[in-house]
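Data block for run-v4.cif (mmCIF, C-alpha atoms):
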```cif
data_entry
loop_
_atom_site.label_atom_id
_atom_site.label_comp_id
_atom_site.auth_asym_id
_atom_site.auth_seq_id
_atom_site.Cartn_x
_atom_site.Cartn_y
_atom_site.Cartn_z
CA MET A 1 -36.39 12.05 147.60
CA LYS A 2 -36.55 11.83 151.36
CA PRO A 3 -33.59 13.24 153.25
CA HIS A 4 -32.15 9.90 154.34
CA GLU A 5 -28.98 8.75 152.70
CA ASN A 6 -29.91 5.08 153.02
CA LEU A 7 -32.76 5.68 150.58
CA ASP A 8 -30.25 7.10 148.14
CA PRO A 9 -27.39 4.63 148.20
CA LEU A 10 -24.31 4.74 146.03
CA THR A 11 -24.34 1.69 143.78
CA ILE A 12 -21.00 0.50 142.44
CA GLY A 13 -20.52 -2.73 140.57
CA GLY A 14 -24.03 -3.87 141.50
CA LYS A 15 -23.61 -3.29 145.24
CA ALA A 16 -25.24 -0.50 147.24
CA TYR A 17 -23.33 1.51 149.84
CA ALA A 18 -24.95 3.74 152.45
CA SER A 19 -22.40 6.55 152.16
CA ARG A 20 -21.21 8.57 149.19
CA LEU A 21 -18.04 9.54 150.98
CA LEU A 22 -15.08 7.21 150.47
CA VAL A 23 -12.02 7.75 152.62
CA GLY A 24 -8.39 6.78 152.67
CA THR A 25 -6.41 5.50 155.64
CA GLY A 26 -3.05 7.17 155.00
CA LYS A 27 -1.24 10.01 156.79
CA TYR A 28 -2.94 9.65 160.18
CA LYS A 29 -1.03 10.01 163.44
CA ASP A 30 -1.84 6.44 164.47
CA PHE A 31 -4.40 3.70 163.87
CA ALA A 32 -6.63 4.95 166.68
CA GLU A 33 -6.97 8.30 164.93
CA THR A 34 -7.53 6.54 161.60
CA LYS A 35 -10.36 4.57 163.11
CA ALA A 36 -11.96 7.55 164.85
CA ALA A 37 -11.88 9.63 161.66
CA ILE A 38 -13.36 6.84 159.57
CA GLU A 39 -16.14 6.30 162.09
CA ALA A 40 -16.91 10.02 162.06
CA SER A 41 -16.93 10.11 158.25
CA GLY A 42 -19.60 7.43 158.03
CA ALA A 43 -17.73 5.98 155.04
CA ARG A 44 -18.51 2.41 154.04
CA ILE A 45 -15.73 2.09 151.48
CA VAL A 46 -12.23 2.63 152.81
CA THR A 47 -9.06 2.56 150.75
CA VAL A 48 -5.91 0.72 151.79
CA ALA A 49 -2.49 0.43 150.20
CA ILE A 50 -0.64 -2.83 149.61
CA ARG A 51 2.98 -2.87 150.69
CA ARG A 52 5.82 -5.25 151.42
CA THR A 53 5.58 -6.43 154.99
CA ASN A 54 8.33 -5.46 157.41
CA ILE A 55 10.45 -8.47 158.17
CA GLY A 56 12.34 -8.99 161.37
CA GLN A 57 10.52 -6.23 163.21
CA ASN A 58 8.16 -6.40 166.15
CA PRO A 59 5.84 -9.33 165.41
CA ASN A 60 3.20 -7.83 167.71
CA GLU A 61 3.13 -4.56 165.81
CA PRO A 62 -0.54 -3.60 165.33
CA SER A 63 -2.06 -4.01 161.92
CA LEU A 64 -4.37 -1.60 160.11
CA LEU A 65 -6.92 -4.36 159.62
CA ASP A 66 -7.23 -4.76 163.41
CA TYR A 67 -8.67 -1.23 163.42
CA ILE A 68 -10.53 -1.29 160.10
CA PRO A 69 -11.93 -4.83 160.04
CA PRO A 70 -12.86 -6.13 156.58
CA ASN A 71 -16.19 -7.42 157.92
CA ARG A 72 -17.30 -3.87 158.84
CA PHE A 73 -15.99 -1.91 155.88
CA THR A 74 -15.56 -2.55 152.19
CA LEU A 75 -11.82 -2.29 151.81
CA LEU A 76 -10.73 -0.78 148.54
CA PRO A 77 -7.13 -1.75 147.82
CA ASN A 78 -5.32 0.81 145.71
CA THR A 79 -2.25 0.87 143.51
CA ALA A 80 -0.90 4.15 144.84
CA GLY A 81 2.80 4.44 144.13
CA CYS A 82 2.67 2.32 140.96
CA TYR A 83 4.14 3.96 137.87
CA ASN A 84 3.38 1.30 135.27
CA ALA A 85 0.57 -1.06 134.36
CA GLU A 86 2.48 -4.21 135.28
CA ASP A 87 3.17 -3.13 138.87
CA ALA A 88 -0.43 -1.99 139.29
CA VAL A 89 -1.82 -5.31 138.06
CA ARG A 90 0.57 -7.33 140.25
CA THR A 91 -0.35 -5.22 143.27
CA LEU A 92 -4.07 -5.79 142.77
CA ARG A 93 -3.67 -9.52 142.20
CA LEU A 94 -1.90 -9.65 145.57
CA ALA A 95 -4.63 -7.49 147.08
CA ARG A 96 -7.36 -9.81 145.83
CA GLU A 97 -5.61 -12.74 147.47
CA LEU A 98 -4.97 -10.76 150.64
CA LEU A 99 -8.65 -9.82 150.94
CA ASP A 100 -10.04 -13.27 150.17
CA GLY A 101 -11.06 -12.87 146.56
CA HIS A 102 -12.43 -9.37 146.91
CA GLU A 103 -12.85 -7.86 143.41
CA LEU A 104 -13.51 -4.15 143.99
CA VAL A 105 -10.25 -2.24 143.55
CA LYS A 106 -8.96 1.25 142.96
CA LEU A 107 -6.60 1.57 140.03
CA GLU A 108 -4.25 4.50 140.00
CA VAL A 109 -1.11 4.64 137.90
CA LEU A 110 1.00 7.71 138.44
CA GLY A 111 3.15 9.42 135.86
CA ASP A 112 5.26 11.82 137.84
CA PRO A 113 6.48 11.65 141.46
CA ARG A 114 6.57 15.43 141.86
CA THR A 115 3.00 16.30 140.85
CA LEU A 116 1.44 12.80 141.16
CA PHE A 117 -0.31 13.35 137.83
CA PRO A 118 -1.76 10.07 136.58
CA ASN A 119 -0.29 8.27 133.56
CA MET A 120 -3.39 7.56 131.51
CA VAL A 121 -1.69 5.36 128.89
CA GLU A 122 -0.53 2.95 131.60
CA THR A 123 -3.86 3.30 133.43
CA ILE A 124 -5.81 2.23 130.34
CA SER A 125 -3.48 -0.72 129.80
CA ALA A 126 -3.83 -1.88 133.42
CA ALA A 127 -7.61 -1.36 133.41
CA THR A 128 -7.94 -3.53 130.31
CA THR A 129 -6.05 -6.39 131.95
CA LEU A 130 -7.82 -6.08 135.29
CA VAL A 131 -11.32 -6.03 133.79
CA LYS A 132 -10.46 -9.18 131.78
CA GLU A 133 -9.33 -10.84 135.01
CA GLY A 134 -12.68 -10.13 136.67
CA PHE A 135 -11.76 -7.17 138.83
CA LYS A 136 -14.31 -4.44 139.47
CA VAL A 137 -12.16 -1.45 138.73
CA MET A 138 -12.73 2.02 140.14
CA VAL A 139 -10.26 4.07 138.19
CA TYR A 140 -8.46 7.27 139.04
CA THR A 141 -8.19 9.49 135.99
CA SER A 142 -7.30 12.93 134.76
CA ASP A 143 -10.38 15.06 134.15
CA ASP A 144 -10.36 14.40 130.41
CA PRO A 145 -13.88 13.44 129.30
CA ILE A 146 -12.62 11.34 126.37
CA ILE A 147 -10.30 9.27 128.56
CA ALA A 148 -13.02 8.93 131.19
CA LYS A 149 -15.39 7.54 128.56
CA GLN A 150 -12.75 5.13 127.27
CA LEU A 151 -12.24 3.80 130.80
CA GLU A 152 -15.98 3.27 131.10
CA ASP A 153 -16.06 1.48 127.73
CA ILE A 154 -13.25 -0.84 128.87
CA GLY A 155 -15.56 -1.93 131.69
CA CYS A 156 -14.48 0.06 134.74
CA VAL A 157 -17.28 0.17 137.33
CA ALA A 158 -16.60 3.79 138.33
CA VAL A 159 -14.52 6.63 136.95
CA MET A 160 -12.80 8.90 139.43
CA PRO A 161 -11.48 12.12 137.94
CA LEU A 162 -9.23 14.37 139.96
CA ALA A 163 -10.60 17.69 141.17
CA SER A 164 -7.02 18.89 141.48
CA LEU A 165 -3.75 17.08 142.16
CA ILE A 166 -3.41 14.43 144.88
CA GLY A 167 -2.74 15.96 148.27
CA SER A 168 -2.95 19.52 146.93
CA GLY A 169 -6.18 20.56 148.63
CA MET A 170 -6.76 22.97 145.74
CA GLY A 171 -10.42 22.04 145.38
CA ILE A 172 -12.34 21.73 142.13
CA LEU A 173 -10.31 23.50 139.47
CA ASN A 174 -12.29 22.51 136.42
CA PRO A 175 -15.98 22.04 137.18
CA TRP A 176 -16.76 22.25 133.46
CA ASN A 177 -14.78 19.14 132.60
CA LEU A 178 -16.31 17.32 135.55
CA GLN A 179 -19.75 18.29 134.30
CA ILE A 180 -19.02 16.88 130.84
CA ILE A 181 -17.66 13.65 132.37
CA ILE A 182 -20.77 13.31 134.53
CA GLU A 183 -23.07 14.04 131.60
CA ASN A 184 -21.40 11.37 129.43
CA ALA A 185 -21.05 8.64 132.06
CA LYS A 186 -23.32 5.68 132.65
CA VAL A 187 -21.20 4.47 135.58
CA PRO A 188 -20.76 6.39 138.84
CA VAL A 189 -18.40 9.36 138.71
CA LEU A 190 -16.51 10.11 141.91
CA VAL A 191 -14.14 12.96 142.49
CA ASP A 192 -10.89 11.47 143.73
CA ALA A 193 -8.15 13.81 144.90
CA GLY A 194 -7.87 17.53 145.37
CA VAL A 195 -10.65 18.19 147.85
CA GLY A 196 -9.37 20.53 150.56
CA THR A 197 -12.33 21.34 152.74
CA ALA A 198 -16.02 20.64 153.18
CA SER A 199 -17.26 23.17 150.63
CA ASP A 200 -15.17 21.47 147.91
CA ALA A 201 -16.90 18.18 148.66
CA ALA A 202 -20.31 19.84 148.60
CA ILE A 203 -19.55 21.49 145.24
CA ALA A 204 -18.51 18.14 143.77
CA MET A 205 -21.81 16.62 144.85
CA GLU A 206 -23.82 19.63 143.65
CA LEU A 207 -22.23 19.18 140.23
CA GLY A 208 -23.79 15.72 140.19
CA CYS A 209 -20.88 13.53 141.22
CA ASP A 210 -22.01 10.22 142.68
CA GLY A 211 -19.44 10.37 145.44
CA VAL A 212 -16.11 11.74 146.60
CA LEU A 213 -12.99 9.90 147.66
CA MET A 214 -10.58 11.74 149.90
CA ASN A 215 -7.72 11.15 152.29
CA THR A 216 -5.47 14.15 152.89
CA ALA A 217 -8.32 16.64 153.36
CA ILE A 218 -9.30 14.72 156.48
CA ALA A 219 -5.96 13.34 157.66
CA ALA A 220 -4.07 16.62 157.29
CA ALA A 221 -6.72 18.75 159.01
CA LYS A 222 -5.74 20.06 162.45
CA ASN A 223 -8.60 18.01 163.85
CA PRO A 224 -9.08 15.07 161.49
CA VAL A 225 -12.05 13.58 163.33
CA LEU A 226 -13.95 16.87 163.23
CA MET A 227 -13.10 17.33 159.55
CA ALA A 228 -14.34 13.80 158.84
CA SER A 229 -17.66 14.75 160.39
CA ALA A 230 -17.73 17.98 158.34
CA MET A 231 -17.09 16.01 155.15
CA LYS A 232 -19.91 13.60 155.93
CA LYS A 233 -22.31 16.52 156.24
CA ALA A 234 -20.93 18.28 153.15
CA ILE A 235 -21.40 15.17 151.02
CA GLU A 236 -24.95 14.75 152.26
CA ALA A 237 -25.76 18.43 151.85
CA GLY A 238 -24.28 18.57 148.36
CA ARG A 239 -26.13 15.45 147.30
CA GLU A 240 -29.45 16.72 148.59
CA ALA A 241 -28.91 20.08 146.91
CA PHE A 242 -28.18 18.29 143.63
CA LEU A 243 -31.31 16.14 143.93
CA ALA A 244 -33.39 19.12 144.98
CA GLY A 245 -32.33 21.04 141.88
CA ARG A 246 -30.96 24.48 142.55
CA MET A 247 -32.72 27.69 141.53
CA PRO A 248 -31.41 29.30 138.38
CA LYS A 249 -28.74 31.97 138.78
CA LYS A 250 -29.59 35.45 137.59
CA LEU A 251 -27.84 38.74 138.01
CA TYR A 252 -30.79 40.23 139.91
CA SER A 253 -34.40 39.47 140.57
CA ALA A 254 -37.45 41.71 140.39
CA ALA A 255 -39.35 39.14 142.49
CA PRO A 256 -38.69 39.65 146.22
CA SER A 257 -39.40 36.78 148.63
CA SER A 258 -41.95 38.76 150.64
CA PRO A 259 -45.29 39.82 149.15
CA ALA A 260 -45.18 43.07 147.22
CA THR A 261 -48.80 43.82 148.14
CA GLY A 262 -50.49 44.66 151.43
CA MET A 263 -47.78 47.04 152.57
CA ILE A 264 -48.85 49.52 155.26
CA THR A 265 -47.69 52.33 153.02
CA PRO A 266 -47.74 52.11 149.23
CA SER A 267 -44.13 53.33 148.99
CA GLY A 268 -43.02 50.27 151.05
CA ALA A 269 -43.36 48.16 147.91
CA LYS A 270 -39.84 49.21 147.04
CA THR A 271 -38.30 47.07 149.76
CA GLY A 272 -37.85 43.28 149.88
CA MET B 1 23.71 -26.35 145.98
CA ALA B 2 20.54 -27.50 147.59
CA LEU B 3 20.11 -31.21 147.75
CA PRO B 4 16.55 -32.39 147.92
CA CYS B 5 16.18 -32.45 151.67
CA SER B 6 14.85 -35.95 151.99
CA ASN B 7 18.05 -37.19 150.37
CA ALA B 8 20.17 -35.08 152.68
CA ARG B 9 18.45 -36.48 155.72
CA PHE B 10 18.68 -39.97 154.39
CA ALA B 11 22.42 -39.52 153.91
CA GLY B 12 22.80 -38.05 157.40
CA LEU B 13 24.12 -34.80 155.94
CA PRO B 14 23.47 -31.41 157.51
CA ALA B 15 20.18 -29.83 156.39
CA ALA B 16 20.44 -28.20 153.00
CA MET B 17 20.22 -24.43 152.91
CA ILE B 18 18.31 -22.52 150.28
CA SER B 19 18.63 -18.88 149.41
CA ILE B 20 15.39 -17.02 148.75
CA SER B 21 14.74 -13.40 147.92
CA VAL B 22 12.06 -12.07 150.29
CA ASN B 23 10.81 -8.58 149.44
CA GLY B 24 14.01 -7.90 147.57
CA GLU B 25 16.32 -9.17 150.34
CA ARG B 26 18.28 -12.41 150.07
CA ARG B 27 17.83 -14.77 152.99
CA GLU B 28 19.05 -18.27 153.80
CA PHE B 29 16.70 -20.92 155.15
CA GLU B 30 16.96 -24.56 156.03
CA ALA B 31 15.16 -26.73 153.52
CA PRO B 32 12.60 -28.09 153.16
CA LEU B 33 10.47 -25.02 153.59
CA ASN B 34 6.90 -24.39 152.63
CA CYS B 35 5.03 -21.07 152.76
CA VAL B 36 3.49 -21.78 156.18
CA GLU B 37 6.91 -22.50 157.65
CA LEU B 38 8.40 -19.45 156.00
CA ILE B 39 5.69 -17.24 157.52
CA ALA B 40 6.45 -18.71 160.95
CA ARG B 41 10.20 -18.19 160.56
CA LEU B 42 9.66 -14.58 159.56
CA ASP B 43 7.49 -14.01 162.67
CA LEU B 44 4.49 -13.22 160.47
CA GLY B 45 2.27 -15.92 161.96
CA GLY B 46 -1.31 -14.74 162.49
CA LYS B 47 -0.92 -11.77 160.16
CA ARG B 48 -3.00 -11.39 157.04
CA VAL B 49 -0.45 -11.58 154.22
CA ALA B 50 -0.45 -12.41 150.53
CA ILE B 51 2.46 -14.03 148.75
CA GLU B 52 3.69 -13.75 145.19
CA ARG B 53 6.26 -16.37 144.18
CA ASN B 54 8.30 -15.74 141.04
CA GLY B 55 5.61 -13.40 139.78
CA GLU B 56 2.68 -15.73 140.47
CA ILE B 57 0.16 -15.42 143.29
CA VAL B 58 0.24 -18.26 145.80
CA PRO B 59 -3.34 -18.80 147.01
CA ARG B 60 -3.47 -19.00 150.80
CA SER B 61 -5.00 -22.48 150.59
CA GLN B 62 -1.82 -23.62 148.85
CA PHE B 63 0.61 -22.25 151.46
CA PRO B 64 1.22 -25.65 153.08
CA GLY B 65 1.84 -27.38 149.77
CA GLN B 66 4.16 -24.78 148.24
CA VAL B 67 7.67 -26.06 148.84
CA LEU B 68 10.10 -23.23 148.25
CA LEU B 69 13.19 -23.71 146.16
CA ASP B 70 16.62 -22.16 146.05
CA GLY B 71 16.52 -18.94 144.03
CA ASP B 72 12.80 -18.27 144.54
CA ARG B 73 11.76 -14.63 144.54
CA LEU B 74 8.95 -13.88 146.99
CA GLU B 75 6.92 -10.79 147.67
CA ILE B 76 5.01 -10.82 150.94
CA VAL B 77 2.53 -7.97 151.34
CA VAL B 78 0.10 -6.59 153.87
CA ALA B 79 -2.55 -3.88 153.84
CA VAL B 80 -1.33 -0.51 155.14
CA GLY B 81 -2.80 2.96 155.37
CA GLY B 82 -3.24 4.68 152.03
CA GLY B 83 -5.54 6.91 150.05
#
```

Go through the file and emit its structure as C-alpha cells.
Amino acid sequence: MKPHENLDPLTIGGKAYASRLLVGTGKYKDFAETKAAIEASGARIVTVAIRRTNIGQNPNEPSLLDYIPPNRFTLLPNTAGCYNAEDAVRTLRLARELLDGHELVKLEVLGDPRTLFPNMVETISAATTLVKEGFKVMVYTSDDPIIAKQLEDIGCVAVMPLASLIGSGMGILNPWNLQIIIENAKVPVLVDAGVGTASDAAIAMELGCDGVLMNTAIAAAKNPVLMASAMKKAIEAGREAFLAGRMPKKLYSAAPSSPATGMITPSGAKTG
Amino acid sequence: MALPCSNARFAGLPAAMISISVNGERREFEAPLNCVELIARLDLGGKRVAIERNGEIVPRSQFPGQVLLDGDRLEIVVAVGGG
C-alpha cells in the first residue's frame, strides 16, 4: 500500500471517500471556525443536525450550508437528540427532503439525557424502518458485538460503536470489544464518540477501524483548527500503521537493532 | 371557521383566516395559503428548508400546490451544526 490516502479510500454504501475522518459541525464558536476546522480536517463526510427553523428572527441570518456547501462535502444528517425510533425516522425523512433525496444518514437514538448512552432497542427499530425506506444508514451503537452484528444484518451500511460516551473525551475504553466488532463485520466499522485527542484516533485506526467520526474532540480543543489538522494526521498515521502490520509485542528482545558482530572490542556485544 | 377563500372573495367577505401550528406554535394566516406563500410570510424565502405537514413530508416540488388548511400542523426544518 502506497502512503497516499486516495489510494486507500473509505467505501461506504458503494461510494468511495478520500478521508477516513468524519467530522461534526456542532459546538464551534461560529460558522467561520466550523469551516476552517473542517477544511483542516480534510474530512469529506460532515455531519449536520436537523432542527426546527427559527421563525420571526433575522431573515439574513447566515446558514450553515453557506459555509459547508452540499456540493463540496457529503452531508451526513444525524438524529442527535432523538429518544425514540419514530422521531428519528421523521427527522431523517425531513433530512432526505432537505438534502434533495440524499440517502446516506447517521442514525443515533439516545436513551438517557445525562450520559447520552444510546437506546439500542429503539435504534434497531428505527434502522429497520429506514433501511426498508431506502436509506443508507450509518448507525451509532453501543460497543456490543452482538448488537453491532444485528445492525449489519438489518442492512446498515456502516456500524459506528462508541469508544466512550458522547462528548466525554475519555478515549477508547474497550478496545477488546471494538476488535471483536471489527473482526465480525463485513461493513465498515467507524468509532463514533469518545475520542479526546489525536492518539485516541490513531489507536482506533490501528485497531482496524475503517474510520472515526468526531465532533467535540475538535470543537472543544483550545485551538480547534490545529486539532483538526492533528486528527487528520492521526487518522492517516493510524491507518498506515494498521496496514503496515505492527511488530509483535514481547516483554524483551534478545535481538538488538544494531549488528551484534564486528564490535571493536568483543565485550561491546553486550550493548545495543 | 375558514370559508373556502374563493367563496369568501366571491361574496365580498373579508379574507378567511386559518390557524396553523408551525413548529409547535399556533399562527394565524390569511387564506388561501400554499407552502411557497407560507415560506415567504415567515421570511424564510431563499433558505433551504424541508416541510412536514401533519406527519407527512411535503416534497419541495409540491410546495406551490400544497394549499394549507385550518388546523394543519407543520414542521419546518433546516440543517444546523451537529455531531

Please identify every residue of chain B that has at least one atom no farther than 12 Å from an atom of chain A, counting all atoms listed in the file, and for each give the shortest atom pair and the distance in Å to one decimal, arranged by chain then increasing number, as CSV.
```
residue,atom,partner,partner_atom,distance
B:Val22,CA,A:Ile55,CA,8.8
B:Asn23,CA,A:Arg52,CA,6.3
B:Gly24,CA,A:Arg52,CA,9.4
B:Glu25,CA,A:Ile55,CA,9.8
B:Arg26,CA,A:Ile55,CA,11.9
B:Arg27,CA,A:Ile55,CA,11.0
B:Leu38,CA,A:Ile55,CA,11.4
B:Ile39,CA,A:Ile55,CA,10.0
B:Ala40,CA,A:Pro59,CA,10.4
B:Arg41,CA,A:Gly56,CA,9.5
B:Leu42,CA,A:Ile55,CA,6.3
B:Asp43,CA,A:Pro59,CA,5.7
B:Leu44,CA,A:Pro59,CA,6.4
B:Gly45,CA,A:Pro59,CA,8.3
B:Gly46,CA,A:Pro59,CA,9.4
B:Lys47,CA,A:Ser63,CA,8.0
B:Arg48,CA,A:Leu98,CA,6.7
B:Val49,CA,A:Leu98,CA,5.8
B:Ala50,CA,A:Leu98,CA,4.8
B:Ile51,CA,A:Leu94,CA,7.0
B:Glu52,CA,A:Leu94,CA,6.9
B:Arg53,CA,A:Leu94,CA,10.7
B:Asn54,CA,A:Arg90,CA,11.5
B:Gly55,CA,A:Arg90,CA,7.9
B:Glu56,CA,A:Arg90,CA,8.7
B:Ile57,CA,A:Leu94,CA,6.5
B:Val58,CA,A:Glu97,CA,8.2
B:Pro59,CA,A:Glu97,CA,6.5
B:Arg60,CA,A:Glu97,CA,7.4
B:Ser61,CA,A:Glu97,CA,10.2
B:Gln62,CA,A:Glu97,CA,11.6
B:Leu74,CA,A:Arg52,CA,10.2
B:Glu75,CA,A:Arg52,CA,6.8
B:Ile76,CA,A:Arg52,CA,5.6
B:Val77,CA,A:Arg52,CA,4.3
B:Val78,CA,A:Thr53,CA,5.6
B:Ala79,CA,A:Ile50,CA,4.8
B:Val80,CA,A:Ala49,CA,5.2
B:Gly81,CA,A:Gly26,CA,4.2
B:Gly82,CA,A:Gly26,CA,3.9
B:Gly83,CA,A:Gly24,CA,3.9
```

message = Between CA of Tyr17 (chain A) and CA of Thr74 (chain A), what is the distance in Å, rounded to a tenth?
response =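 Separation between CA of Tyr17 (chain A) and CA of Thr74 (chain A): 9.1 Å.
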
Using only C-alpha atoms, which residues sit within 8 Å of region 227-241 of chain A once same-chain residues fewer than 6 positions away are excluded, as a short mmCIF file (atom, residue, chain, number, x, y, z; two decimals) with C-alpha atoms, in the coordinates of the input?
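In the end it all went to selection.cif:
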```cif
data_model
loop_
_atom_site.label_atom_id
_atom_site.label_comp_id
_atom_site.auth_asym_id
_atom_site.auth_seq_id
_atom_site.Cartn_x
_atom_site.Cartn_y
_atom_site.Cartn_z
CA PRO A 3 -33.59 13.24 153.25
CA GLU A 5 -28.98 8.75 152.70
CA ARG A 20 -21.21 8.57 149.19
CA LEU A 21 -18.04 9.54 150.98
CA ALA A 37 -11.88 9.63 161.66
CA ILE A 38 -13.36 6.84 159.57
CA ALA A 40 -16.91 10.02 162.06
CA SER A 41 -16.93 10.11 158.25
CA GLY A 42 -19.60 7.43 158.03
CA ALA A 43 -17.73 5.98 155.04
CA THR A 197 -12.33 21.34 152.74
CA ALA A 198 -16.02 20.64 153.18
CA SER A 199 -17.26 23.17 150.63
CA ALA A 201 -16.90 18.18 148.66
CA ALA A 202 -20.31 19.84 148.60
CA ILE A 203 -19.55 21.49 145.24
CA ALA A 204 -18.51 18.14 143.77
CA MET A 205 -21.81 16.62 144.85
CA GLU A 206 -23.82 19.63 143.65
CA GLY A 208 -23.79 15.72 140.19
CA GLY A 211 -19.44 10.37 145.44
CA VAL A 212 -16.11 11.74 146.60
CA ALA A 217 -8.32 16.64 153.36
CA ILE A 218 -9.30 14.72 156.48
CA ALA A 221 -6.72 18.75 159.01
#
```

How would you write, as a compact mmCIF listing (two decimals) with C-alpha atoms, keeping the file's coordinate frame, the residues chosen by the PyMOL selection byres ((chain A and resi 115) around 12) on this structure?
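File result.txt, as written:
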```txt
# COMPACT_ATOMS: atom_id res chain seq x y z
CA LEU A 110 1.00 7.71 138.44
CA GLY A 111 3.15 9.42 135.86
CA ASP A 112 5.26 11.82 137.84
CA PRO A 113 6.48 11.65 141.46
CA ARG A 114 6.57 15.43 141.86
CA LEU A 116 1.44 12.80 141.16
CA PHE A 117 -0.31 13.35 137.83
CA PRO A 118 -1.76 10.07 136.58
CA ASN A 119 -0.29 8.27 133.56
CA SER A 164 -7.02 18.89 141.48
CA LEU A 165 -3.75 17.08 142.16
CA ILE A 166 -3.41 14.43 144.88
CA GLY A 167 -2.74 15.96 148.27
CA SER A 168 -2.95 19.52 146.93
CA GLY A 194 -7.87 17.53 145.37
```

key: Computed interatomic separation between CA of Leu190 (chain A) and CA of Pro224 (chain A) (Å)   =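 One can read the CA of Leu190 (chain A) to CA of Pro224 (chain A) distance as 21.5 Å.
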
Leaving out Pro188 (chain A) and any residue of its chain fewer than 3 positions from it, which residues lie within 9 Å of it when counting only C-alpha atoms, given as a PDB file with C-alpha atoms, in the frame of the given file?
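Saved as part22.pdb:
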```pdb
ATOM      1  CA  LEU A  10     -24.310   4.740 146.030  1.00  0.00           C
ATOM      2  CA  THR A  11     -24.340   1.690 143.780  1.00  0.00           C
ATOM      3  CA  ILE A  12     -21.000   0.500 142.440  1.00  0.00           C
ATOM      4  CA  VAL A 157     -17.280   0.170 137.330  1.00  0.00           C
ATOM      5  CA  ALA A 158     -16.600   3.790 138.330  1.00  0.00           C
ATOM      6  CA  VAL A 159     -14.520   6.630 136.950  1.00  0.00           C
ATOM      7  CA  MET A 160     -12.800   8.900 139.430  1.00  0.00           C
ATOM      8  CA  ILE A 182     -20.770  13.310 134.530  1.00  0.00           C
ATOM      9  CA  ALA A 185     -21.050   8.640 132.060  1.00  0.00           C
ATOM     10  CA  CYS A 209     -20.880  13.530 141.220  1.00  0.00           C
ATOM     11  CA  ASP A 210     -22.010  10.220 142.680  1.00  0.00           C
ATOM     12  CA  GLY A 211     -19.440  10.370 145.440  1.00  0.00           C
TER      13      GLY A 211
END
```

key: CA of Ile18 (chain B) to CA of Asp72 (chain B), distance in Å rounded to a single decimal   = 9.0 Å

task = Given the file shown, enumerate the residues that the PyMOL selection byres ((chain A and resi 176) around 12) captures and present them as a list in words.
result =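 Expected selection for the PyMOL selection byres ((chain A and resi 176) around 12) here is Asp143, Asp144, Pro145, Ala163, Ile172, Leu173, Asn174, Pro175, Asn177, Leu178, Gln179, Ile180, Ile181, Ile182, Glu183, Ala204, Leu207 and Gly208 of chain A.
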
Residues selected by the PyMOL selection byres ((chain B and resi 68) around 10), written as a PyMOL selection string = chain B and resi 18-20+29+31-35+37-38+53+65-67+69-74

Region 98-109 of chain A dumped to file, N, CA and C atoms, as a tab-separated table (two decimals), in the first residue's frame:
```tsv
chain	number	residue	atom	x	y	z
A	98	LEU	N	-34.74	17.68	2.64
A	98	LEU	CA	-33.94	18.91	2.75
A	98	LEU	C	-32.71	18.84	1.86
A	99	LEU	N	-32.12	17.64	1.75
A	99	LEU	CA	-30.85	17.49	1.01
A	99	LEU	C	-31.09	16.83	-0.34
A	100	ASP	N	-32.26	17.05	-0.90
A	100	ASP	CA	-32.56	16.64	-2.28
A	100	ASP	C	-32.41	15.14	-2.52
A	101	GLY	N	-33.00	14.36	-1.65
A	101	GLY	CA	-33.06	12.92	-1.91
A	101	GLY	C	-31.86	12.13	-1.48
A	102	HIS	N	-30.95	12.81	-0.80
A	102	HIS	CA	-29.73	12.22	-0.28
A	102	HIS	C	-30.07	11.07	0.70
A	103	GLU	N	-29.43	9.91	0.52
A	103	GLU	CA	-29.84	8.71	1.28
A	103	GLU	C	-28.92	8.33	2.43
A	104	LEU	N	-27.70	8.86	2.42
A	104	LEU	CA	-26.74	8.49	3.47
A	104	LEU	C	-27.06	9.28	4.74
A	105	VAL	N	-27.31	8.57	5.83
A	105	VAL	CA	-27.72	9.24	7.07
A	105	VAL	C	-27.02	8.60	8.26
A	106	LYS	N	-26.97	9.36	9.34
A	106	LYS	CA	-26.46	8.82	10.60
A	106	LYS	C	-27.63	8.68	11.58
A	107	LEU	N	-27.86	7.44	11.97
A	107	LEU	CA	-28.92	7.16	12.94
A	107	LEU	C	-28.31	7.07	14.32
A	108	GLU	N	-28.93	7.79	15.22
A	108	GLU	CA	-28.48	7.76	16.62
A	108	GLU	C	-29.73	7.99	17.45
A	109	VAL	N	-30.07	7.02	18.28
A	109	VAL	CA	-31.22	7.18	19.17
A	109	VAL	C	-30.69	7.07	20.60
```
